[in-house]
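Asker: Below: one structure in structure tokens.
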Amino acid sequence: MKKALITGITGQDGSYLAEFLLGKGYRVYGLQRRSSTITTERVDHLLKEGVELVSGDLIDENSLIRALESTKAEEVYNLGAQSFVPTSWDQPILTGEITALGVTRMLEAIRIVNPKIRFYQASSSEMFGKVQESPQSEKTPFYPRSPYGVAKAYGHWITVNYRESYGMFAVSGILFNHESPRRGLEFVTRKVTHGVARIKAGLQKELRMGNLEAKRDWGFAGDYVRAMWLMLQQKQPDDYVIASGETHSVREMCEIAFARAGLDYRRHIVQDRKYFRPAEVHVLTGDARKARRKLGWKPDVGFKNLITMMVDKDMELVAAEVRNGGRV
């Protein structure tokens with residue numbers, strides 16, 4: 001039975017990856033940071049299936065060493081980060097400590113405990129930022145436009161550095177936007193689909209949004225975690241762009257989401273300058289041909305089906321909340 005340790009297991013990607021690895025017969029451990037409020041709702045069902053949580057923090061290297069020693073993990077998936085882009089302007093130092101230096105701490109812990117552990121780093125399309133070419137591939141230069149993007153670029157290059165310096169099996173998946181019903185409410189896709197559900201239920205009348213013309217390459221998180229696993233099964237470590245290859249605007253997403261609930265988005269969307277980024281990333285489109293060729297990976301869920309799935313789930317959640325008097 002293979003053993004894997006996932007940082008960020010309580011997040012969207014961590015929960016889908018844990019499910020996937022359990023299905024592959026893995027013993028799955030999740031790193032959990034100590035805090036006064038512990039949120040495990042995305043993985044509560046997996047704890048019943050054998051997923052174990054171990055204490056550790058990406059800002060504490062000794063805790064990472066202890067986690068690796070106690071779990072004897074053979075694969076480490078580093079999904080933990082301060083991952084909300086707008087927050088990275090408000091908390092740039094914290095973002096750097098976790099999203100950038102946290103990668104170094106984990107790589108150092110692996111090098112000390114067992115350099116044969118295979119390591120996956122969750123890189124991001126936000127590293128491309130002010131894009132230098134389109135679509136973006138593994139060879140496209142980075143030009144990050146947020147503290148988050150800068151931190152992810154550091155995490156990406158330190159992973160390359162440890163691979164080349166110490167011969168470690170360390171890879172980065174440059175994942176473009178990937179969403180699901182488990183996405184946090186602060187992210188734009190979930191903000192829209194949950195807002196649609198609340199408007200449909202009569203709980204609010206409008207949805208305040210930022211730049212509707214921003215374009216992204218969106219996919220389903222459940223498809224993308226499969227690519228993470230495939231990267232660690234290869235003979236040689238390498239980095240891969242994971243994307244759908246399609247670009248859609250925030251406006252198009254709103255149109256699909258509201259239409260699913262029988263609503264016209266133009267009657268409910270209000271643009272608010274408060275939600276515009278200080279430095280905007282206008283268009284991101286991924287070129288995942290290398291992943292298709294070498295990993296045999298391709299997405300199964302298309303953009304429209306993804307947004308529809310999210311709206312349907314949020315309408316269920318809001319309906320349950322209404323029935324329970326505001327308690328989900």
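Just remember, in the structure tokens the first chain shown is A, the second B, etc., residues are 1-based per chain, and ligands are 1-based in the order shown.
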Give me the residues near region 251-257 of chain A as number ranges by chain, where near means some atom within 8 Å (using only C-alpha atoms) and where sequence neighbours in that chain fewer than 4 positions away do not count.

Answerer: A: 189, 192-193, 196, 212-213, 261, 264-265, 304, 307-308, 311

Asker: Using only C-alpha atoms, which residues sit within 10 Å of Ala73 (chain A) once same-chain residues fewer than 2 positions away are excluded, as a ChimeraX atom specification?

Answerer: /A:2-6,27-29,67-71,75-76,110,114,117-118

Asker: Report, in Å with one decimal, the straight-line distance from CA of Met127 (chain A) to CA of Gly296 (chain A).

Answerer: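 CA of Met127 (chain A) sits 24.4 Å away from CA of Gly296 (chain A).
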
Asker: Fewer than 2 positions away in the same chain doesn't count, so skip those; otherwise give me all residues within 7 Å of Asp223 (chain A), counting only C-alpha atoms, as a ChimeraX atom specification.

Answerer: /A:220-221,225-226,299-300

Asker: Enumerate, as a list in words, the complete set of residues in region 30-136 of chain A that a backbone-based DSSP assignment places in strand (DSSP E or B).

Answerer: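 Here are the strand (DSSP E or B) residues of region 30-136 of chain A: Gly30, Leu31, Gln32, Glu52, Leu53, Val54, Ser55, Asp57, Asp60, Glu75, Val76, Tyr77, Asn78, Arg118, Phe119, Tyr120, Gln121, Ala122, Ser123, Ser124 and Gln136 of chain A.
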
Asker: When DSSP is applied to the backbone of this structure, which of region 207-266 of chain A are assigned helix (DSSP H, G or I)? Write them out as a count of residues only.

Answerer: 24

Asker: Need to verify the contact set: Asp217 (chain A), 7 Å, only C-alpha atoms, exclusion of same-chain residues closer than 6 positions in sequence. Can you return it as a list of chain:residue names?

Answerer: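 Listed by chain and then number, they are A:Phe176, A:Asn177, A:Ala243, A:Ser244, A:Gly245, A:Glu246, A:Thr247, A:His248, A:Leu284, A:Thr285, A:Gly286.
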
Asker: So that I have them on file, write out the residues from the current selection with all heavy atoms, as a PDB file, in the first residue's frame.

Answerer:
```
ATOM      1  N   PHE A 176      -4.063  25.642 -14.534  1.00  0.00           N
ATOM      2  CA  PHE A 176      -4.923  26.779 -14.797  1.00  0.00           C
ATOM      3  C   PHE A 176      -6.163  26.652 -13.915  1.00  0.00           C
ATOM      4  O   PHE A 176      -6.326  25.665 -13.201  1.00  0.00           O
ATOM      5  CB  PHE A 176      -5.267  26.842 -16.288  1.00  0.00           C
ATOM      6  CG  PHE A 176      -4.153  27.456 -17.109  1.00  0.00           C
ATOM      7  CD1 PHE A 176      -2.908  26.840 -17.208  1.00  0.00           C
ATOM      8  CD2 PHE A 176      -4.335  28.667 -17.764  1.00  0.00           C
ATOM      9  CE1 PHE A 176      -1.879  27.414 -17.925  1.00  0.00           C
ATOM     10  CE2 PHE A 176      -3.323  29.250 -18.489  1.00  0.00           C
ATOM     11  CZ  PHE A 176      -2.081  28.625 -18.576  1.00  0.00           C
ATOM     12  N   ASN A 177      -7.010  27.667 -13.921  1.00  0.00           N
ATOM     13  CA  ASN A 177      -8.140  27.712 -12.986  1.00  0.00           C
ATOM     14  C   ASN A 177      -8.949  26.421 -13.022  1.00  0.00           C
ATOM     15  O   ASN A 177      -9.361  25.981 -14.093  1.00  0.00           O
ATOM     16  CB  ASN A 177      -9.054  28.889 -13.322  1.00  0.00           C
ATOM     17  CG  ASN A 177      -8.366  30.226 -13.106  1.00  0.00           C
ATOM     18  OD1 ASN A 177      -7.377  30.518 -13.778  1.00  0.00           O
ATOM     19  ND2 ASN A 177      -8.867  31.028 -12.206  1.00  0.00           N
ATOM     20  N   ALA A 243      -4.497  22.265 -18.358  1.00  0.00           N
ATOM     21  CA  ALA A 243      -5.506  23.252 -18.746  1.00  0.00           C
ATOM     22  C   ALA A 243      -6.479  22.641 -19.739  1.00  0.00           C
ATOM     23  O   ALA A 243      -6.228  21.581 -20.309  1.00  0.00           O
ATOM     24  CB  ALA A 243      -4.823  24.471 -19.370  1.00  0.00           C
ATOM     25  N   SER A 244      -7.588  23.347 -19.944  1.00  0.00           N
ATOM     26  CA  SER A 244      -8.578  22.882 -20.919  1.00  0.00           C
ATOM     27  C   SER A 244      -8.251  23.351 -22.327  1.00  0.00           C
ATOM     28  O   SER A 244      -8.675  22.755 -23.309  1.00  0.00           O
ATOM     29  CB  SER A 244      -9.976  23.382 -20.533  1.00  0.00           C
ATOM     30  OG  SER A 244     -10.086  24.777 -20.798  1.00  0.00           O
ATOM     31  N   GLY A 245      -7.497  24.462 -22.425  1.00  0.00           N
ATOM     32  CA  GLY A 245      -7.190  25.045 -23.729  1.00  0.00           C
ATOM     33  C   GLY A 245      -8.278  25.968 -24.242  1.00  0.00           C
ATOM     34  O   GLY A 245      -8.170  26.517 -25.343  1.00  0.00           O
ATOM     35  N   GLU A 246      -9.331  26.158 -23.434  1.00  0.00           N
ATOM     36  CA  GLU A 246     -10.425  27.055 -23.814  1.00  0.00           C
ATOM     37  C   GLU A 246     -10.431  28.277 -22.896  1.00  0.00           C
ATOM     38  O   GLU A 246     -10.104  28.172 -21.718  1.00  0.00           O
ATOM     39  CB  GLU A 246     -11.780  26.349 -23.694  1.00  0.00           C
ATOM     40  CG  GLU A 246     -11.952  25.155 -24.600  1.00  0.00           C
ATOM     41  CD  GLU A 246     -13.316  24.501 -24.425  1.00  0.00           C
ATOM     42  OE1 GLU A 246     -14.136  25.044 -23.636  1.00  0.00           O
ATOM     43  OE2 GLU A 246     -13.560  23.455 -25.042  1.00  0.00           O
ATOM     44  N   THR A 247     -10.826  29.418 -23.444  1.00  0.00           N
ATOM     45  CA  THR A 247     -10.902  30.639 -22.646  1.00  0.00           C
ATOM     46  C   THR A 247     -12.328  31.163 -22.633  1.00  0.00           C
ATOM     47  O   THR A 247     -12.996  31.221 -23.666  1.00  0.00           O
ATOM     48  CB  THR A 247      -9.980  31.726 -23.220  1.00  0.00           C
ATOM     49  OG1 THR A 247      -8.630  31.245 -23.201  1.00  0.00           O
ATOM     50  CG2 THR A 247     -10.040  32.989 -22.377  1.00  0.00           C
ATOM     51  N   HIS A 248     -12.783  31.544 -21.438  1.00  0.00           N
ATOM     52  CA  HIS A 248     -14.125  32.102 -21.278  1.00  0.00           C
ATOM     53  C   HIS A 248     -14.042  33.315 -20.364  1.00  0.00           C
ATOM     54  O   HIS A 248     -13.226  33.351 -19.439  1.00  0.00           O
ATOM     55  CB  HIS A 248     -15.071  31.062 -20.682  1.00  0.00           C
ATOM     56  CG  HIS A 248     -15.193  29.813 -21.496  1.00  0.00           C
ATOM     57  ND1 HIS A 248     -16.098  29.691 -22.526  1.00  0.00           N
ATOM     58  CD2 HIS A 248     -14.497  28.643 -21.449  1.00  0.00           C
ATOM     59  CE1 HIS A 248     -15.975  28.483 -23.073  1.00  0.00           C
ATOM     60  NE2 HIS A 248     -15.010  27.835 -22.436  1.00  0.00           N
ATOM     61  N   LEU A 284      -5.884  34.365 -19.718  1.00  0.00           N
ATOM     62  CA  LEU A 284      -5.029  33.199 -19.534  1.00  0.00           C
ATOM     63  C   LEU A 284      -5.609  32.038 -20.343  1.00  0.00           C
ATOM     64  O   LEU A 284      -6.796  31.749 -20.246  1.00  0.00           O
ATOM     65  CB  LEU A 284      -4.941  32.809 -18.056  1.00  0.00           C
ATOM     66  CG  LEU A 284      -4.175  33.754 -17.127  1.00  0.00           C
ATOM     67  CD1 LEU A 284      -4.319  33.313 -15.682  1.00  0.00           C
ATOM     68  CD2 LEU A 284      -2.706  33.832 -17.513  1.00  0.00           C
ATOM     69  N   THR A 285      -4.747  31.401 -21.130  1.00  0.00           N
ATOM     70  CA  THR A 285      -5.160  30.229 -21.918  1.00  0.00           C
ATOM     71  C   THR A 285      -4.035  29.212 -21.893  1.00  0.00           C
ATOM     72  O   THR A 285      -2.899  29.532 -22.260  1.00  0.00           O
ATOM     73  CB  THR A 285      -5.452  30.599 -23.385  1.00  0.00           C
ATOM     74  OG1 THR A 285      -6.339  31.705 -23.435  1.00  0.00           O
ATOM     75  CG2 THR A 285      -6.056  29.414 -24.120  1.00  0.00           C
ATOM     76  N   GLY A 286      -4.301  28.004 -21.464  1.00  0.00           N
ATOM     77  CA  GLY A 286      -3.254  27.001 -21.317  1.00  0.00           C
ATOM     78  C   GLY A 286      -3.058  26.114 -22.526  1.00  0.00           C
ATOM     79  O   GLY A 286      -4.011  25.757 -23.223  1.00  0.00           O
TER      80      GLY A 286
END
```

Asker: Figure out the distance between CA of Val113 (chain A) and CA of Val54 (chain A), please, to one decimal in Å.

Answerer: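 Answer for the CA of Val54 (chain A) to CA of Val113 (chain A) separation: 16.4 Å.
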
Asker: Could you make a table, as a tab-separated table, of the residues of region 78-182 of chain A that have an atom within 12 Å of an atom of region 314-321 of chain A, each with its nearest atom pair and distance in Å to one decimal, counting only C-alpha atoms, in chain and number order?

Answerer:
```
residue	atom	partner	partner_atom	distance
A:Ser180	CA	A:Asp314	CA	10.7
A:Pro181	CA	A:Asp314	CA	7.3
A:Arg182	CA	A:Asp314	CA	9.9
```

Asker: Could you work out how far CA of Val103 (chain A) lies from CA of Trp157 (chain A), giving the answer in Å with one decimal?

Answerer: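 Spanning CA of Trp157 (chain A) to CA of Val103 (chain A) is a straight-line distance of 10.0 Å.
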
Asker: Of the candidates A:Ile158, A:Leu295, A:Leu17, A:Leu263, which one gets nearest to Val43 (chain A) if we count only C-alpha atoms?

Answerer: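 Ranked by minimum distance to Val43 (chain A), first place goes to A:Leu17.
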
Asker: Which residue out of A:Arg266, A:Lys200, A:Arg42, A:Arg216 has the minimum interatomic distance to Asp13 (chain A) when only C-alpha atoms are used?

Answerer: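 Going through A:Arg266, A:Lys200, A:Arg42, A:Arg216 one by one, the smallest distance to Asp13 (chain A) is for A:Arg42.
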